Amino acid sequence: MTSGKWEELIFTQDDIRTDSLLYAEKSYLLLPPDGQENRFLAISSHTSRRFFVYSTSQGGLERLHAFFFRLYGAMFEASAPPDVFSSHIVLTNSRHDRRIGDFYHPRFVRNLMDLSAVDSDITTAYSVALRKHTGYRGRRGYNFVSSISFRNPEEMHIFRDVLREEISELRRETGWKLVAKPRNRVSSSLIRNTFQLINFVRIPAESDFIV
């Protein structure tokens, strides 16, 4: 796979909300071309939150541009995220998840991005990597891997129980199951419905009001 490009999202408006109907219409833009990878990354500290996108292809990057501009009016600036994270918890989807219909669980993304709010010394990175595959007779599927990263094992240990609680609550409320699993064993065509990404790739508002 070729090397990719990082860009930082720059928001031109203060009142950021997620339009669920528009998300459903445009969510396919989050997926890269076959054989490529798109990523969404949020880096959070006690005082700030920065968002980045990445793609291994120019076509994938242009799709991300279209999605985040349409949904949030975002602009883009070439900028790589800081490389300060050495401890990672990687989460993959279960085969069971392909049978789950539309749902909205705003707490998962919001709380993972808010981990640093409870400790002024903590900085975290929440990441989602997406891949797509077009199979026999044009059948399309995709999958994603999510992860939460910390600067060192001590920070990761502090919040491991919180992460387990969020994963448990997600499964209890929606049936969606996330499991720890090596990334190199992940299928790229597990899921069909891209609207479900609203629960994992989103710019959360203060109230997470959804229109």
# chains A, B, ... in the order shown; residues from 1 in each chain; ligands from 1
>>> residues_around(residues="Arg95 in chain A", least_positions_apart="4", cutoff="9 Å", atoms="only C-alpha atoms", output="PyMOL selection string")
chain A and resi 99+177+190-191
>>> write_last_selection(atoms="C-alpha atoms", output="mmCIF file, in the first residue's frame")
data_model
loop_
_atom_site.group_PDB
_atom_site.id
_atom_site.type_symbol
_atom_site.label_atom_id
_atom_site.label_comp_id
_atom_site.auth_asym_id
_atom_site.auth_seq_id
_atom_site.Cartn_x
_atom_site.Cartn_y
_atom_site.Cartn_z
ATOM 1 C CA ARG A 99 -27.075 -8.215 11.286
ATOM 2 C CA LYS A 177 -20.056 -5.873 19.784
ATOM 3 C CA LEU A 190 -18.000 -7.323 6.972
ATOM 4 C CA ILE A 191 -20.603 -4.519 7.026
#
>>> residues_around(residues="Arg107 in chain A", least_positions_apart="2", cutoff="9 Å", atoms="only C-alpha atoms", output="ChimeraX atom specification")
/A:105,109-112,166,170,199,208
>>> write_last_selection(atoms="N, CA and C atoms", output="PDB file, in the first residue's frame")
ATOM      1  N   HIS A 105     -26.117   5.852  18.974  1.00  0.00           N
ATOM      2  CA  HIS A 105     -25.629   5.751  20.355  1.00  0.00           C
ATOM      3  C   HIS A 105     -24.571   6.847  20.555  1.00  0.00           C
ATOM      4  N   VAL A 109     -18.754   7.773  21.115  1.00  0.00           N
ATOM      5  CA  VAL A 109     -17.748   8.695  20.584  1.00  0.00           C
ATOM      6  C   VAL A 109     -17.504   9.852  21.547  1.00  0.00           C
ATOM      7  N   ARG A 110     -18.572  10.424  22.065  1.00  0.00           N
ATOM      8  CA  ARG A 110     -18.428  11.579  22.955  1.00  0.00           C
ATOM      9  C   ARG A 110     -17.576  11.244  24.167  1.00  0.00           C
ATOM     10  N   ASN A 111     -17.840  10.106  24.804  1.00  0.00           N
ATOM     11  CA  ASN A 111     -17.108   9.764  26.018  1.00  0.00           C
ATOM     12  C   ASN A 111     -15.665   9.349  25.746  1.00  0.00           C
ATOM     13  N   LEU A 112     -15.415   8.685  24.623  1.00  0.00           N
ATOM     14  CA  LEU A 112     -14.030   8.339  24.314  1.00  0.00           C
ATOM     15  C   LEU A 112     -13.199   9.582  24.042  1.00  0.00           C
ATOM     16  N   GLU A 166     -17.651   1.602  28.408  1.00  0.00           N
ATOM     17  CA  GLU A 166     -18.254   2.158  27.199  1.00  0.00           C
ATOM     18  C   GLU A 166     -18.557   1.056  26.174  1.00  0.00           C
ATOM     19  N   LEU A 170     -22.333   0.115  24.964  1.00  0.00           N
ATOM     20  CA  LEU A 170     -22.665   0.082  23.546  1.00  0.00           C
ATOM     21  C   LEU A 170     -23.359  -1.233  23.191  1.00  0.00           C
ATOM     22  N   ASN A 199     -22.083   6.397  14.611  1.00  0.00           N
ATOM     23  CA  ASN A 199     -21.772   6.078  16.002  1.00  0.00           C
ATOM     24  C   ASN A 199     -20.270   6.020  16.281  1.00  0.00           C
ATOM     25  N   ASP A 208     -24.455  17.024  21.712  1.00  0.00           N
ATOM     26  CA  ASP A 208     -24.679  15.943  20.768  1.00  0.00           C
ATOM     27  C   ASP A 208     -26.098  15.925  20.236  1.00  0.00           C
TER      28      ASP A 208
END
>>> closest_atom_pairs(of="range 80-164 of chain A", to="range 33-44 of chain A", cutoff="7 Å", atoms="only C-alpha atoms", output="tab-separated table")
residue	atom	partner	partner_atom	distance
A:Met113	CA	A:Ser44	CA	6.2
A:Ser116	CA	A:Ser44	CA	6.3
A:Thr123	CA	A:Ser44	CA	5.7
A:Thr124	CA	A:Ser44	CA	5.4
A:Ala125	CA	A:Ile43	CA	4.4
A:Tyr126	CA	A:Ala42	CA	5.2
A:Ser127	CA	A:Leu41	CA	4.4
A:Val128	CA	A:Phe40	CA	5.2
A:Ala129	CA	A:Arg39	CA	4.3
A:Leu130	CA	A:Asn38	CA	5.2
A:Arg131	CA	A:Glu37	CA	5.1
A:Lys132	CA	A:Asp34	CA	5.3
A:His133	CA	A:Asp34	CA	5.2
A:Thr134	CA	A:Asp34	CA	6.7
>>> write_last_selection(atoms="N, CA, C and O atoms", output="PDB file, in the first residue's frame")
ATOM      1  N   MET A 113     -13.795  10.577  23.419  1.00  0.00           N
ATOM      2  CA  MET A 113     -13.067  11.812  23.175  1.00  0.00           C
ATOM      3  C   MET A 113     -12.948  12.670  24.431  1.00  0.00           C
ATOM      4  O   MET A 113     -12.110  13.570  24.484  1.00  0.00           O
ATOM      5  N   SER A 116      -9.826  12.668  28.347  1.00  0.00           N
ATOM      6  CA  SER A 116      -8.812  13.598  28.846  1.00  0.00           C
ATOM      7  C   SER A 116      -9.408  14.719  29.694  1.00  0.00           C
ATOM      8  O   SER A 116      -8.680  15.405  30.414  1.00  0.00           O
ATOM      9  N   THR A 123      -3.505  12.996  27.534  1.00  0.00           N
ATOM     10  CA  THR A 123      -3.792  13.259  26.125  1.00  0.00           C
ATOM     11  C   THR A 123      -4.109  11.928  25.463  1.00  0.00           C
ATOM     12  O   THR A 123      -3.376  10.949  25.649  1.00  0.00           O
ATOM     13  N   THR A 124      -5.199  11.873  24.713  1.00  0.00           N
ATOM     14  CA  THR A 124      -5.628  10.624  24.081  1.00  0.00           C
ATOM     15  C   THR A 124      -5.834  10.822  22.585  1.00  0.00           C
ATOM     16  O   THR A 124      -6.032  11.944  22.099  1.00  0.00           O
ATOM     17  N   ALA A 125      -5.805   9.705  21.863  1.00  0.00           N
ATOM     18  CA  ALA A 125      -6.103   9.723  20.430  1.00  0.00           C
ATOM     19  C   ALA A 125      -7.144   8.651  20.148  1.00  0.00           C
ATOM     20  O   ALA A 125      -6.937   7.479  20.464  1.00  0.00           O
ATOM     21  N   TYR A 126      -8.254   9.069  19.559  1.00  0.00           N
ATOM     22  CA  TYR A 126      -9.302   8.136  19.133  1.00  0.00           C
ATOM     23  C   TYR A 126      -9.235   8.043  17.622  1.00  0.00           C
ATOM     24  O   TYR A 126      -9.293   9.059  16.914  1.00  0.00           O
ATOM     25  N   SER A 127      -9.109   6.825  17.095  1.00  0.00           N
ATOM     26  CA  SER A 127      -8.893   6.642  15.664  1.00  0.00           C
ATOM     27  C   SER A 127      -9.842   5.593  15.090  1.00  0.00           C
ATOM     28  O   SER A 127     -10.177   4.620  15.764  1.00  0.00           O
ATOM     29  N   VAL A 128     -10.269   5.817  13.849  1.00  0.00           N
ATOM     30  CA  VAL A 128     -11.055   4.840  13.104  1.00  0.00           C
ATOM     31  C   VAL A 128     -10.423   4.682  11.717  1.00  0.00           C
ATOM     32  O   VAL A 128     -10.242   5.673  10.997  1.00  0.00           O
ATOM     33  N   ALA A 129     -10.052   3.462  11.372  1.00  0.00           N
ATOM     34  CA  ALA A 129      -9.473   3.162  10.063  1.00  0.00           C
ATOM     35  C   ALA A 129     -10.479   2.340   9.267  1.00  0.00           C
ATOM     36  O   ALA A 129     -10.998   1.337   9.766  1.00  0.00           O
ATOM     37  N   LEU A 130     -10.761   2.749   8.029  1.00  0.00           N
ATOM     38  CA  LEU A 130     -11.793   2.118   7.211  1.00  0.00           C
ATOM     39  C   LEU A 130     -11.201   1.532   5.944  1.00  0.00           C
ATOM     40  O   LEU A 130     -10.353   2.147   5.284  1.00  0.00           O
ATOM     41  N   ARG A 131     -11.708   0.350   5.587  1.00  0.00           N
ATOM     42  CA  ARG A 131     -11.368  -0.288   4.320  1.00  0.00           C
ATOM     43  C   ARG A 131     -12.648  -0.812   3.664  1.00  0.00           C
ATOM     44  O   ARG A 131     -13.610  -1.133   4.350  1.00  0.00           O
ATOM     45  N   LYS A 132     -12.610  -0.915   2.332  1.00  0.00           N
ATOM     46  CA  LYS A 132     -13.784  -1.352   1.569  1.00  0.00           C
ATOM     47  C   LYS A 132     -13.362  -2.421   0.565  1.00  0.00           C
ATOM     48  O   LYS A 132     -12.230  -2.430   0.077  1.00  0.00           O
ATOM     49  N   HIS A 133     -14.315  -3.304   0.244  1.00  0.00           N
ATOM     50  CA  HIS A 133     -14.051  -4.341  -0.747  1.00  0.00           C
ATOM     51  C   HIS A 133     -15.293  -4.547  -1.611  1.00  0.00           C
ATOM     52  O   HIS A 133     -16.408  -4.651  -1.102  1.00  0.00           O
ATOM     53  N   THR A 134     -15.092  -4.561  -2.906  1.00  0.00           N
ATOM     54  CA  THR A 134     -16.174  -4.874  -3.846  1.00  0.00           C
ATOM     55  C   THR A 134     -15.960  -6.292  -4.344  1.00  0.00           C
ATOM     56  O   THR A 134     -14.936  -6.589  -4.963  1.00  0.00           O
TER      57      THR A 134
END
>>> closest_residue(among="A:Trp176, A:Phe76, A:Phe67, A:Tyr54", to="Ile10 in chain A", atoms="only C-alpha atoms")
A:Phe76
>>> closest_residue(among="A:Val186, A:Thr12, A:Phe51, A:Tyr142", to="Val201 in chain A", atoms="only C-alpha atoms")
A:Phe51
>>> atom_distance(atom1="CA of Glu169 in chain A", atom2="CA of Glu154 in chain A")
24.2 Å
>>> closest_residue(among="A:Leu29, A:Val53, A:Ile100, A:Ala80", to="Arg171 in chain A", atoms="only C-alpha atoms")
A:Ile100
>>> atom_distance(atom1="CA of Trp6 in chain A", atom2="CA of Ser55 in chain A")
7.1 Å
>>> select_by_dssp(residues="range 18-143 of chain A", states="strand (DSSP E or B)", output="MDAnalysis selection string")
chainID A and resid 18 38:44 49:55 74:78 87:93 124:134 140:143
>>> select_by_dssp(residues="range 20-185 of chain A", states="alpha helix (DSSP H)", output="JSON, numbers by chain")
{"A": [20, 21, 22, 23, 24, 25, 26, 58, 59, 60, 61, 62, 63, 64, 65, 66, 67, 68, 69, 70, 71, 72, 107, 108, 109, 110, 111, 112, 113, 153, 154, 155, 156, 157, 158, 159, 160, 161, 162, 163, 164, 165, 166, 167, 168, 169, 170, 171, 172, 173, 174]}
>>> atom_distance(atom1="CA of Arg70 in chain A", atom2="CA of Asn143 in chain A")
22.6 Å
>>> closest_residue(among="A:Phe150, A:Phe159, A:Phe85, A:Phe68", to="Tyr28 in chain A", atoms="only C-alpha atoms")
A:Phe68
>>> closest_residue(among="A:Leu9, A:Ile148, A:Leu22, A:Leu30", to="Thr92 in chain A", atoms="only C-alpha atoms")
A:Ile148
>>> closest_residue(among="A:Pro32, A:Gly141, A:Gly175, A:Gly73", to="Asn193 in chain A", atoms="only C-alpha atoms")
A:Gly141
>>> residues_around(residues="Ile89 in chain A", least_positions_apart="6", cutoff="10 Å", atoms="only C-alpha atoms", output="list in words")
Tyr126, Ser146, Ser147, Ile148, Ser149, Phe150, Met156, Arg160, Leu163, Ala180 and Lys181 of chain A
>>> write_last_selection(atoms="N, CA and C atoms", output="JSON list (two decimals), in the first residue's frame")
[["chain", "number", "residue", "atom", "x", "y", "z"],
["A", 126, "TYR", "N", -8.25, 9.07, 19.56],
["A", 126, "TYR", "CA", -9.30, 8.14, 19.13],
["A", 126, "TYR", "C", -9.24, 8.04, 17.62],
["A", 146, "SER", "N", -11.37, 0.50, 15.21],
["A", 146, "SER", "CA", -11.27, 1.68, 16.07],
["A", 146, "SER", "C", -10.22, 1.43, 17.15],
["A", 147, "SER", "N", -9.62, 2.51, 17.62],
["A", 147, "SER", "CA", -8.60, 2.37, 18.65],
["A", 147, "SER", "C", -8.56, 3.62, 19.52],
["A", 148, "ILE", "N", -8.13, 3.42, 20.73],
["A", 148, "ILE", "CA", -7.87, 4.53, 21.65],
["A", 148, "ILE", "C", -6.42, 4.41, 22.08],
["A", 149, "SER", "N", -5.67, 5.49, 21.94],
["A", 149, "SER", "CA", -4.23, 5.46, 22.17],
["A", 149, "SER", "C", -3.83, 6.45, 23.26],
["A", 150, "PHE", "N", -2.77, 6.08, 23.97],
["A", 150, "PHE", "CA", -2.26, 6.88, 25.08],
["A", 150, "PHE", "C", -0.75, 7.07, 24.92],
["A", 156, "MET", "N", -2.82, 4.49, 29.86],
["A", 156, "MET", "CA", -3.74, 3.47, 29.35],
["A", 156, "MET", "C", -4.38, 2.69, 30.49],
["A", 160, "ARG", "N", -8.50, 2.05, 31.30],
["A", 160, "ARG", "CA", -8.93, 0.78, 30.71],
["A", 160, "ARG", "C", -10.32, 0.38, 31.19],
["A", 163, "LEU", "N", -12.99, 2.42, 29.40],
["A", 163, "LEU", "CA", -13.20, 1.94, 28.04],
["A", 163, "LEU", "C", -14.04, 0.67, 28.02],
["A", 180, "ALA", "N", -11.35, -6.95, 21.19],
["A", 180, "ALA", "CA", -9.93, -6.73, 21.00],
["A", 180, "ALA", "C", -9.38, -7.84, 20.11],
["A", 181, "LYS", "N", -8.71, -7.46, 19.02],
["A", 181, "LYS", "CA", -8.27, -8.45, 18.05],
["A", 181, "LYS", "C", -7.16, -7.84, 17.21]]
